[in-house]
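Everything on this sheet refers to the single structure shown next.
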There are 2 protein chains.
Amino acid sequence: MPELRKDPIVGRWVIISTERARRPSDFASEPVRLAGGDCPFCPGSEELTPPEILAFRPSGSPPNTPGWSLRVVPNKFPALRIEGDIEPSGEGPFDRMNGVGAHEVVIETTDHLASLSTLPVERVADVLLAYRERLADLKKDPRFEYVLVFKNHGEAAGASLEHPHSQLIATPIIPVMVEEELAGAARYYERKERCVWCDVLRHERRGRRRLVAEADGFVAVAPFAPRFPFETWILPARHRSAFEESGVEELRGLATLLGDFLRRMSRVLRDPPYNFMLHTAPLRDSALEHFHWHLEVIPKLTRVAGFEWGSGFFINPVPPEDAAAALRESVG
Amino acid sequence: MPELRKDPIVGRWVIISTERARRPSDFASEPVRLAGGDCPFCPGSEELTPPEILAFRPSGSPPNTPGWSLRVVPNKFPALRIEGDIEPSGEGPFDRMNGVGAHEVVIETTDHLASLSTLPVERVADVLLAYRERLADLKKDPRFEYVLVFKNHGEAAGASLEHPHSQLIATPIIPVMVEEELAGAARYYERKERCVWCDVLRHERRGRRRLVAEADGFVAVAPFAPRFPFETWILPARHRSAFEESGVEELRGLATLLGDFLRRMSRVLRDPPYNFMLHTAPLRDSALEHFHWHLEVIPKLTRVAGFEWGSGFFINPVPPEDAAAALRESVG
């Protein structure tokens, strides 16, 4: 059973995931390579994944057989386990909790060689719809406080399988990075009675120096203080706190801008490895005046080293104004 | 001029380091490889580095010529610049500050192929002495609030040169990770009137399951909630808050344990890439009952991916009890 453990100094929780445990000697070589031949996410290999939780397939088509265009399945090597109740316990100065949670994989397409930047907008919208459906469903489980949707694209960004997929992890506590955003945004709102992301969007749409693209009610913008070169945030232009309340039309608008942005990034940086992470409001408190959901995209271009791990300061060699200009000017 | 910028939501500062700026197209290929032929840190190449700030060399031996056993030089591509006063400014909802600081390199030995795990204890003690001397010297500069000493070993851990070296960066603000430790430790002290690291050490030396090694007044221990597999902290057994107040005998004790630990890690994980980071008290407030200096060592074995970047939660596949046992049982 995986375990959640809390650092007694800074209060940071970590997941000790024994399900994925490896022997010390396993670390001496490079991490696993991307699977070559037998891809468990390709059509015809449905029996290689745990049974599907959700699939987009023609009505009448039986589950866990070909015919689908998108599948959501439990992660075969989950970081957290779906079974059990949350049981906090202690050991001397330390706190722990059993590792209850959900860890799911969204298989975005049948096409092993596609990606969100090459799929048609309808297929990208389907992926976003799958996120929404899973968020709404996991919200019903009272054990969970948060669902983080994320994507690892490319081996250097942590993908262990090449077939296009994203993931979500539901956790019994609100992740510290979301907590920090919530707290910072609440402080800003108290002072100004405005959402900080709404203010940032207003400022950036006026100045345009960090604006990357706008379409159909969504904006892609380089943050003023990006941790990573070419870090980009995608946000709804109007204030929205809960992603799972997005309408189908909104998801299609997001799919348009996301596809456009990923193609720009792919052209400028030649299909870089990247991660994206969806920050939406917590499950139990999702109608918030001060929180604005957003998707953070970080291409993996630089190495994070001792200074960053020791300080929390990131050194970014590319001013966001330069990154935004390069992305803005890239034409397909 | 580099720039410090603050995120308006979470208050995280980043360094936009234009000194190291690259064009977008430079990111499309892999990061720089380790230098092959002309190593700027080898004896005889002294003119390839900026003039030395400190060197251990026989008396009478002229600076910036061979004869040294250790040199400290300014980083040729500094993340922050030493010249100028601190000037905060604003832009709409954003805060910035010019990037004033010091960025130095400690060239640990003349031997290009050595490492801290192969150098004799006297040489390792010299490296630690150089850290102490630079900390004490930079403390005199009223512009700086903190000095972070760190090491990147191996390309995957961010080293761009192979020759054994470590670095230090002096910053005009206290890094957020140190702030968080200070705040958490202060809360613990308020409640218990004891240093949290002293309590952790007492607990670990009694239980021994996460104890890696002890020698000469220092302890190496796997933290209860490690972010990374085989993460290890090295601390003085007695309460000490400021590294720069260490005596020569203490530094020799630390050199003994550090060398022993690095050899264990190298045997168990076959010379892995790693980082270490020294957390000592802030320069302006260094005699603290609640802060205990420590060296954090993190071998680079797993990839940090979307879930970690989006949540701040780390997934660690190796329980620290298993890591400590493997390191403890490794015999040279």
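Letters A, B, ... mark the chains of the structure tokens in the order given; residue numbers begin at 1 per chain; ligand numbers begin at 1, in order shown.
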Report as a tab-separated table: every residue of region 226-258 of chain B with an atom at most 9 Å from region 312-329 of chain B, its closest pair of atoms, and their distance in Å to one decimal, counting only C-alpha atoms, with rows sorted by chain and ascending residue number.
residue	atom	partner	partner_atom	distance
B:Pro226	CA	B:Pro320	CA	7.0
B:Arg227	CA	B:Phe314	CA	5.3
B:Phe228	CA	B:Asn316	CA	5.6
B:Pro229	CA	B:Val318	CA	5.3
B:Phe230	CA	B:Ala323	CA	5.3
B:Glu231	CA	B:Pro320	CA	7.9
B:Thr232	CA	B:Ala324	CA	8.4
Store the residues of this selection in a file with N, CA and C atoms, as a PDB file, in the first residue's frame.
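Contents of out-v2.pdb, freshly written:
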ATOM      1  N   PRO B 226      11.049  11.866   2.114  1.00  0.00           N
ATOM      2  CA  PRO B 226      11.990  12.325   1.079  1.00  0.00           C
ATOM      3  C   PRO B 226      11.283  12.574  -0.247  1.00  0.00           C
ATOM      4  N   ARG B 227      11.679  13.667  -0.934  1.00  0.00           N
ATOM      5  CA  ARG B 227      11.123  13.937  -2.254  1.00  0.00           C
ATOM      6  C   ARG B 227      11.657  12.944  -3.281  1.00  0.00           C
ATOM      7  N   PHE B 228      12.923  12.513  -3.089  1.00  0.00           N
ATOM      8  CA  PHE B 228      13.607  11.720  -4.115  1.00  0.00           C
ATOM      9  C   PHE B 228      14.132  10.415  -3.522  1.00  0.00           C
ATOM     10  N   PRO B 229      14.228   9.345  -4.348  1.00  0.00           N
ATOM     11  CA  PRO B 229      14.836   8.105  -3.864  1.00  0.00           C
ATOM     12  C   PRO B 229      16.272   8.365  -3.399  1.00  0.00           C
ATOM     13  N   PHE B 230      16.616   7.860  -2.239  1.00  0.00           N
ATOM     14  CA  PHE B 230      17.966   7.953  -1.671  1.00  0.00           C
ATOM     15  C   PHE B 230      18.341   9.369  -1.239  1.00  0.00           C
ATOM     16  N   GLU B 231      17.368  10.280  -1.168  1.00  0.00           N
ATOM     17  CA  GLU B 231      17.650  11.605  -0.598  1.00  0.00           C
ATOM     18  C   GLU B 231      18.213  11.414   0.811  1.00  0.00           C
ATOM     19  N   THR B 232      19.277  12.142   1.125  1.00  0.00           N
ATOM     20  CA  THR B 232      19.936  11.987   2.433  1.00  0.00           C
ATOM     21  C   THR B 232      20.310  13.359   2.981  1.00  0.00           C
TER      22      THR B 232
END
Transformed chain B, reference chain A, full Cα set in order, as a CSV table (one decimal) with C-alpha atoms, in the first residue's frame:
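Final output, saved to selection-v6.csv:
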chain,number,residue,atom,x,y,z
B,1,MET,CA,0.0,0.0,0.0
B,2,PRO,CA,1.4,3.4,-0.9
B,3,GLU,CA,1.8,5.9,1.9
B,4,LEU,CA,1.5,9.7,2.2
B,5,ARG,CA,4.1,11.2,4.5
B,6,LYS,CA,4.5,14.7,5.8
B,7,ASP,CA,7.8,16.4,6.3
B,8,PRO,CA,7.8,17.7,9.9
B,9,ILE,CA,9.7,20.9,9.0
B,10,VAL,CA,8.0,22.4,5.9
B,11,GLY,CA,4.8,20.3,6.0
B,12,ARG,CA,5.4,19.0,2.5
B,13,TRP,CA,3.5,15.7,1.8
B,14,VAL,CA,5.2,13.1,-0.4
B,15,ILE,CA,3.9,9.8,-1.8
B,16,ILE,CA,6.0,6.8,-1.0
B,17,SER,CA,4.7,4.6,-3.8
B,18,THR,CA,5.7,1.0,-3.0
B,19,GLU,CA,3.6,-0.2,-5.9
B,20,ARG,CA,6.3,1.3,-8.1
B,21,ALA,CA,9.2,0.2,-5.9
B,22,ARG,CA,12.4,-0.8,-7.5
B,23,ARG,CA,15.4,-2.3,-6.0
B,24,PRO,CA,18.4,0.0,-5.5
B,25,SER,CA,20.3,-1.7,-8.3
B,26,ASP,CA,17.5,-0.8,-10.8
B,27,PHE,CA,18.5,2.8,-10.4
B,28,ALA,CA,22.0,2.4,-11.6
B,29,SER,CA,20.9,2.3,-15.3
B,30,GLU,CA,18.9,4.8,-17.3
B,31,PRO,CA,15.1,5.0,-16.8
B,32,VAL,CA,12.9,2.7,-18.8
B,33,ARG,CA,12.8,3.4,-22.5
B,34,LEU,CA,9.5,4.1,-24.4
B,35,ALA,CA,7.8,0.8,-25.3
B,36,GLY,CA,8.6,-0.3,-28.8
B,37,GLY,CA,6.4,-3.1,-30.1
B,38,ASP,CA,3.5,-4.0,-27.9
B,39,CYS,CA,1.8,-0.7,-27.0
B,40,PRO,CA,-0.9,-1.3,-24.3
B,41,PHE,CA,-2.8,1.8,-25.5
B,42,CYS,CA,-3.2,0.7,-29.1
B,43,PRO,CA,-6.5,-0.7,-30.4
B,44,GLY,CA,-6.5,-4.5,-30.1
B,45,SER,CA,-4.5,-4.4,-26.8
B,46,GLU,CA,-7.4,-3.5,-24.6
B,47,GLU,CA,-6.8,-6.5,-22.4
B,48,LEU,CA,-3.3,-5.1,-21.5
B,49,THR,CA,-4.9,-2.2,-19.5
B,50,PRO,CA,-7.2,-2.5,-16.4
B,51,PRO,CA,-10.9,-2.4,-17.5
B,52,GLU,CA,-12.0,1.0,-18.9
B,53,ILE,CA,-13.8,3.5,-16.7
B,54,LEU,CA,-15.0,5.7,-19.6
B,55,ALA,CA,-14.8,5.3,-23.3
B,56,PHE,CA,-16.0,7.2,-26.3
B,57,ARG,CA,-17.3,4.5,-28.6
B,58,PRO,CA,-20.3,3.8,-30.9
B,59,SER,CA,-23.4,2.7,-28.9
B,60,GLY,CA,-23.5,-1.1,-28.8
B,61,SER,CA,-19.8,-1.5,-29.0
B,62,PRO,CA,-18.8,-3.6,-26.0
B,63,PRO,CA,-16.3,-2.2,-23.5
B,64,ASN,CA,-12.6,-3.2,-23.6
B,65,THR,CA,-12.7,-4.1,-27.3
B,66,PRO,CA,-11.7,-2.0,-30.3
B,67,GLY,CA,-14.1,0.6,-31.8
B,68,TRP,CA,-13.3,3.4,-29.2
B,69,SER,CA,-11.9,6.8,-30.1
B,70,LEU,CA,-10.8,7.6,-26.5
B,71,ARG,CA,-10.5,5.5,-23.4
B,72,VAL,CA,-10.0,6.2,-19.7
B,73,VAL,CA,-8.5,3.4,-17.7
B,74,PRO,CA,-6.9,3.0,-14.2
B,75,ASN,CA,-3.1,3.4,-14.2
B,76,LYS,CA,-1.7,-0.1,-14.1
B,77,PHE,CA,1.1,1.1,-11.7
B,78,PRO,CA,-0.9,3.6,-9.6
B,79,ALA,CA,0.8,6.1,-7.4
B,80,LEU,CA,-2.2,5.9,-5.0
B,81,ARG,CA,-4.7,3.1,-4.5
B,82,ILE,CA,-8.4,3.5,-4.9
B,83,GLU,CA,-9.4,1.0,-2.1
B,84,GLY,CA,-9.7,1.9,1.5
B,85,ASP,CA,-10.5,4.7,3.9
B,86,ILE,CA,-8.2,7.5,4.9
B,87,GLU,CA,-6.3,6.6,8.1
B,88,PRO,CA,-3.9,9.1,9.5
B,89,SER,CA,-1.3,7.8,11.9
B,90,GLY,CA,1.9,9.0,13.6
B,91,GLU,CA,5.5,7.9,14.3
B,92,GLY,CA,7.4,10.1,16.8
B,93,PRO,CA,7.5,13.6,15.3
B,94,PHE,CA,6.1,12.4,12.0
B,95,ASP,CA,2.7,12.2,10.3
B,96,ARG,CA,1.5,9.7,7.7
B,97,MET,CA,-1.7,8.6,6.0
B,98,ASN,CA,-2.4,5.6,3.9
B,99,GLY,CA,-2.1,6.3,0.2
B,100,VAL,CA,-5.7,6.4,-0.9
B,101,GLY,CA,-6.5,8.1,-4.2
B,102,ALA,CA,-7.3,7.5,-7.9
B,103,HIS,CA,-4.8,7.4,-10.7
B,104,GLU,CA,-6.2,7.2,-14.2
B,105,VAL,CA,-4.9,7.4,-17.8
B,106,VAL,CA,-6.7,9.1,-20.6
B,107,ILE,CA,-5.8,7.4,-23.9
B,108,GLU,CA,-6.4,10.3,-26.1
B,109,THR,CA,-6.6,8.6,-29.5
B,110,THR,CA,-6.2,5.3,-31.3
B,111,ASP,CA,-3.3,6.7,-33.3
B,112,HIS,CA,0.0,5.8,-31.7
B,113,LEU,CA,1.9,8.5,-33.6
B,114,ALA,CA,-0.5,11.4,-33.2
B,115,SER,CA,-0.3,14.1,-30.6
B,116,LEU,CA,-2.6,16.9,-29.3
B,117,SER,CA,-0.9,19.2,-31.8
B,118,THR,CA,-1.8,17.0,-34.8
B,119,LEU,CA,-5.3,15.8,-33.8
B,120,PRO,CA,-8.3,17.5,-35.3
B,121,VAL,CA,-10.0,20.0,-33.0
B,122,GLU,CA,-12.9,17.6,-32.3
B,123,ARG,CA,-10.6,15.0,-30.9
B,124,VAL,CA,-8.8,17.5,-28.7
B,125,ALA,CA,-12.2,18.7,-27.5
B,126,ASP,CA,-13.0,15.0,-26.6
B,127,VAL,CA,-9.9,14.8,-24.5
B,128,LEU,CA,-11.0,17.9,-22.6
B,129,LEU,CA,-14.5,16.5,-22.3
B,130,ALA,CA,-13.0,13.3,-20.8
B,131,TYR,CA,-11.1,15.4,-18.2
B,132,ARG,CA,-14.4,17.2,-17.3
B,133,GLU,CA,-16.3,13.9,-17.0
B,134,ARG,CA,-13.7,12.3,-14.8
B,135,LEU,CA,-13.5,15.4,-12.6
B,136,ALA,CA,-17.2,15.5,-12.2
B,137,ASP,CA,-17.4,11.8,-11.4
B,138,LEU,CA,-14.5,11.8,-8.9
B,139,LYS,CA,-16.1,14.8,-7.2
B,140,LYS,CA,-18.8,12.4,-5.9
B,141,ASP,CA,-16.2,10.4,-3.9
B,142,PRO,CA,-16.1,12.1,-0.5
B,143,ARG,CA,-12.6,10.9,0.2
B,144,PHE,CA,-11.0,13.1,-2.4
B,145,GLU,CA,-10.3,16.8,-2.1
B,146,TYR,CA,-8.5,17.4,-5.4
B,147,VAL,CA,-8.0,16.0,-8.9
B,148,LEU,CA,-4.9,17.0,-10.7
B,149,VAL,CA,-5.0,16.5,-14.5
B,150,PHE,CA,-1.6,16.5,-16.2
B,151,LYS,CA,0.3,15.4,-19.2
B,152,ASN,CA,3.8,14.2,-19.7
B,153,HIS,CA,4.8,14.4,-23.4
B,154,GLY,CA,8.1,12.9,-24.4
B,155,GLU,CA,10.6,10.8,-22.4
B,156,ALA,CA,12.5,13.8,-21.0
B,157,ALA,CA,9.2,15.1,-19.6
B,158,GLY,CA,8.6,11.8,-17.8
B,159,ALA,CA,6.4,9.9,-20.3
B,160,SER,CA,7.1,6.2,-20.0
B,161,LEU,CA,4.8,5.3,-23.0
B,162,GLU,CA,4.8,7.0,-26.3
B,163,HIS,CA,1.1,6.6,-27.2
B,164,PRO,CA,-0.7,9.9,-26.7
B,165,HIS,CA,-2.1,10.0,-23.2
B,166,SER,CA,-2.7,12.2,-20.2
B,167,GLN,CA,-3.3,11.3,-16.6
B,168,LEU,CA,-5.2,12.4,-13.5
B,169,ILE,CA,-4.5,11.8,-9.8
B,170,ALA,CA,-7.2,12.3,-7.2
B,171,THR,CA,-5.8,13.1,-3.7
B,172,PRO,CA,-7.2,13.1,-0.2
B,173,ILE,CA,-5.5,16.5,0.4
B,174,ILE,CA,-5.2,19.7,-1.6
B,175,PRO,CA,-1.7,19.8,-3.2
B,176,VAL,CA,0.6,22.4,-1.7
B,177,MET,CA,1.0,24.3,-5.1
B,178,VAL,CA,-2.7,24.7,-5.4
B,179,GLU,CA,-3.0,25.7,-1.7
B,180,GLU,CA,-0.3,28.4,-2.3
B,181,GLU,CA,-2.2,29.7,-5.4
B,182,LEU,CA,-5.5,29.7,-3.4
B,183,ALA,CA,-3.9,31.5,-0.5
B,184,GLY,CA,-2.0,34.1,-2.7
B,185,ALA,CA,-5.1,34.7,-4.8
B,186,ALA,CA,-7.3,35.1,-1.6
B,187,ARG,CA,-4.8,37.7,-0.2
B,188,TYR,CA,-5.0,39.6,-3.5
B,189,TYR,CA,-8.8,39.5,-3.6
B,190,GLU,CA,-9.0,40.8,0.0
B,191,ARG,CA,-7.0,43.8,-0.9
B,192,LYS,CA,-8.4,44.6,-4.4
B,193,GLU,CA,-11.7,42.7,-4.6
B,194,ARG,CA,-10.6,41.5,-8.0
B,195,CYS,CA,-9.3,38.1,-9.2
B,196,VAL,CA,-5.6,38.3,-9.7
B,197,TRP,CA,-5.7,36.3,-12.9
B,198,CYS,CA,-8.4,38.6,-14.3
B,199,ASP,CA,-6.1,41.5,-13.5
B,200,VAL,CA,-3.1,39.8,-15.1
B,201,LEU,CA,-5.2,39.1,-18.3
B,202,ARG,CA,-6.4,42.7,-18.5
B,203,HIS,CA,-2.8,43.9,-18.1
B,204,GLU,CA,-1.4,41.5,-20.7
B,205,ARG,CA,-4.2,42.0,-23.2
B,206,ARG,CA,-3.5,45.8,-23.0
B,207,GLY,CA,0.4,45.6,-23.2
B,208,ARG,CA,0.5,42.5,-25.5
B,209,ARG,CA,4.2,41.9,-24.9
B,210,ARG,CA,3.6,38.6,-23.2
B,211,LEU,CA,0.5,37.7,-25.1
B,212,VAL,CA,0.9,34.5,-27.2
B,213,ALA,CA,-2.6,33.9,-28.8
B,214,GLU,CA,-6.3,34.5,-28.2
B,215,ALA,CA,-9.3,32.7,-29.6
B,216,ASP,CA,-12.8,31.7,-28.8
B,217,GLY,CA,-12.8,33.0,-25.3
B,218,PHE,CA,-9.4,31.7,-24.3
B,219,VAL,CA,-6.0,33.4,-23.9
B,220,ALA,CA,-2.5,32.0,-24.0
B,221,VAL,CA,0.0,34.2,-22.1
B,222,ALA,CA,3.6,34.0,-21.0
B,223,PRO,CA,3.6,34.6,-17.2
B,224,PHE,CA,5.6,37.6,-15.9
B,225,ALA,CA,7.8,35.4,-13.7
B,226,PRO,CA,8.0,32.1,-15.5
B,227,ARG,CA,10.0,29.2,-13.9
B,228,PHE,CA,10.9,27.7,-17.2
B,229,PRO,CA,11.8,29.1,-20.7
B,230,PHE,CA,8.6,29.3,-22.9
B,231,GLU,CA,6.3,28.5,-19.9
B,232,THR,CA,2.8,29.4,-21.0
B,233,TRP,CA,-0.5,29.7,-19.2
B,234,ILE,CA,-3.9,29.1,-21.0
B,235,LEU,CA,-6.9,30.7,-19.3
B,236,PRO,CA,-10.6,31.4,-20.0
B,237,ALA,CA,-10.9,35.1,-20.8
B,238,ARG,CA,-13.9,35.4,-18.5
B,239,HIS,CA,-13.7,34.4,-14.8
B,240,ARG,CA,-14.2,30.7,-14.3
B,241,SER,CA,-13.0,28.8,-11.2
B,242,ALA,CA,-14.1,25.2,-11.9
B,243,PHE,CA,-13.0,23.4,-15.0
B,244,GLU,CA,-15.7,20.7,-14.6
B,245,GLU,CA,-18.4,23.3,-15.1
B,246,SER,CA,-17.2,24.2,-18.6
B,247,GLY,CA,-19.8,23.8,-21.3
B,248,VAL,CA,-19.2,21.8,-24.5
B,249,GLU,CA,-18.8,25.0,-26.5
B,250,GLU,CA,-16.2,26.3,-24.1
B,251,LEU,CA,-14.3,23.1,-24.3
B,252,ARG,CA,-14.3,23.4,-28.1
B,253,GLY,CA,-12.9,27.0,-27.7
B,254,LEU,CA,-10.2,25.7,-25.4
B,255,ALA,CA,-9.4,22.8,-27.8
B,256,THR,CA,-8.9,25.4,-30.7
B,257,LEU,CA,-6.5,27.5,-28.7
B,258,LEU,CA,-4.7,24.6,-27.1
B,259,GLY,CA,-4.1,22.9,-30.5
B,260,ASP,CA,-3.0,26.3,-32.0
B,261,PHE,CA,-0.6,26.9,-29.1
B,262,LEU,CA,0.9,23.4,-29.2
B,263,ARG,CA,1.5,23.7,-32.9
B,264,ARG,CA,3.3,27.1,-32.3
B,265,MET,CA,5.4,25.5,-29.6
B,266,SER,CA,6.2,22.5,-31.7
B,267,ARG,CA,7.3,24.7,-34.6
B,268,VAL,CA,9.4,27.1,-32.5
B,269,LEU,CA,11.0,24.5,-30.3
B,270,ARG,CA,10.9,21.5,-32.8
B,271,ASP,CA,8.4,19.2,-30.9
B,272,PRO,CA,9.9,19.6,-27.5
B,273,PRO,CA,9.1,17.3,-24.5
B,274,TYR,CA,6.6,19.1,-22.3
B,275,ASN,CA,4.3,18.8,-19.3
B,276,PHE,CA,1.0,20.5,-18.8
B,277,MET,CA,-1.0,20.7,-15.5
B,278,LEU,CA,-4.6,21.8,-15.0
B,279,HIS,CA,-5.1,24.0,-11.9
B,280,THR,CA,-8.8,24.1,-11.1
B,281,ALA,CA,-10.6,24.9,-7.9
B,282,PRO,CA,-10.7,22.2,-5.1
B,283,LEU,CA,-13.6,19.7,-5.4
B,284,ARG,CA,-15.3,20.8,-2.2
B,285,ASP,CA,-15.1,24.5,-2.7
B,286,SER,CA,-15.3,25.2,-6.4
B,287,ALA,CA,-17.3,28.4,-6.9
B,288,LEU,CA,-14.6,30.9,-6.0
B,289,GLU,CA,-14.5,34.6,-6.8
B,290,HIS,CA,-10.7,34.7,-6.3
B,291,PHE,CA,-9.6,31.6,-8.2
B,292,HIS,CA,-9.4,31.4,-12.0
B,293,TRP,CA,-8.7,27.9,-13.5
B,294,HIS,CA,-5.7,27.7,-15.9
B,295,LEU,CA,-3.6,25.2,-17.7
B,296,GLU,CA,0.1,25.6,-17.2
B,297,VAL,CA,2.3,24.3,-20.1
B,298,ILE,CA,6.1,23.9,-19.5
B,299,PRO,CA,8.3,22.6,-22.2
B,300,LYS,CA,11.3,20.7,-20.9
B,301,LEU,CA,14.3,22.6,-22.2
B,302,THR,CA,16.6,23.2,-19.3
B,303,ARG,CA,17.8,21.0,-16.4
B,304,VAL,CA,16.6,21.8,-12.9
B,305,ALA,CA,19.8,21.6,-10.7
B,306,GLY,CA,21.1,22.2,-7.2
B,307,PHE,CA,20.4,25.9,-7.0
B,308,GLU,CA,16.7,25.4,-7.9
B,309,TRP,CA,16.2,22.4,-5.6
B,310,GLY,CA,17.9,24.2,-2.7
B,311,SER,CA,16.4,27.6,-3.1
B,312,GLY,CA,13.1,27.3,-4.9
B,313,PHE,CA,14.4,30.1,-7.1
B,314,PHE,CA,14.3,29.2,-10.8
B,315,ILE,CA,16.9,30.6,-13.2
B,316,ASN,CA,15.2,31.2,-16.6
B,317,PRO,CA,17.5,32.2,-19.5
B,318,VAL,CA,14.7,33.4,-21.8
B,319,PRO,CA,12.7,36.5,-20.9
B,320,PRO,CA,9.0,35.7,-21.3
B,321,GLU,CA,8.6,38.7,-23.7
B,322,ASP,CA,11.1,37.0,-26.1
B,323,ALA,CA,9.4,33.6,-25.7
B,324,ALA,CA,5.9,35.2,-26.4
B,325,ALA,CA,7.2,37.1,-29.4
B,326,ALA,CA,8.7,33.9,-30.9
B,327,LEU,CA,5.5,31.9,-30.3
B,328,ARG,CA,3.2,34.8,-31.5
B,329,GLU,CA,5.2,35.2,-34.7
B,330,SER,CA,5.3,31.5,-35.6
B,331,VAL,CA,2.9,30.9,-38.5
B,332,GLY,CA,1.7,27.4,-39.5
Can you pull out every residue from region 133-311 of chain B that DSSP, working from the backbone, puts in strand (DSSP E), and format the result as a VMD selection string?
chain B and resid 146 to 153 165 to 171 211 to 215 218 to 221 232 to 236 274 to 279 294 to 299
Please produce an output containing C-alpha atoms for each residue in the selection, written as a tab-separated table (two decimals), in the first residue's frame.
chain	number	residue	atom	x	y	z
B	146	TYR	CA	21.57	34.65	1.82
B	147	VAL	CA	24.28	32.49	0.27
B	148	LEU	CA	23.29	29.13	-1.17
B	149	VAL	CA	26.17	26.67	-1.61
B	150	PHE	CA	25.37	23.82	-3.99
B	151	LYS	CA	26.87	21.18	-6.20
B	152	ASN	CA	25.76	19.68	-9.52
B	153	HIS	CA	27.58	16.40	-10.18
B	165	HIS	CA	33.43	21.95	-8.76
B	166	SER	CA	30.70	23.38	-6.62
B	167	GLN	CA	29.03	26.79	-6.71
B	168	LEU	CA	27.53	29.44	-4.53
B	169	ILE	CA	25.00	32.14	-5.26
B	170	ALA	CA	24.48	35.11	-2.95
B	171	THR	CA	20.99	36.62	-3.23
B	211	LEU	CA	20.09	6.18	9.90
B	212	VAL	CA	22.76	5.91	7.19
B	213	ALA	CA	26.05	6.70	8.99
B	214	GLU	CA	27.47	8.58	11.98
B	215	ALA	CA	31.02	9.85	12.54
B	218	PHE	CA	27.93	14.31	12.18
B	219	VAL	CA	24.96	12.17	11.16
B	220	ALA	CA	23.70	11.10	7.71
B	221	VAL	CA	20.02	10.24	7.76
B	232	THR	CA	19.94	11.99	2.43
B	233	TRP	CA	20.52	14.79	4.92
B	234	ILE	CA	23.86	15.33	6.67
B	235	LEU	CA	23.69	17.32	9.91
B	236	PRO	CA	25.92	18.18	12.86
B	274	TYR	CA	23.56	14.12	-7.84
B	275	ASN	CA	23.03	17.56	-6.34
B	276	PHE	CA	23.73	18.78	-2.87
B	277	MET	CA	22.54	21.99	-1.29
B	278	LEU	CA	23.68	23.56	1.99
B	279	HIS	CA	20.92	25.07	4.09
B	294	HIS	CA	22.16	20.70	7.08
B	295	LEU	CA	23.37	19.47	3.73
B	296	GLU	CA	20.71	17.89	1.51
B	297	VAL	CA	22.00	15.32	-1.00
B	298	ILE	CA	19.69	14.23	-3.84
B	299	PRO	CA	20.84	11.65	-6.38
With DSSP run on the backbone, what are the helix (DSSP H, G or I) residues within region 126-284 of chain A? I'd like them as an NGL selection string.
:A and (126-138 or 155-157 or 176-192 or 196-207 or 243-245 or 248-269)
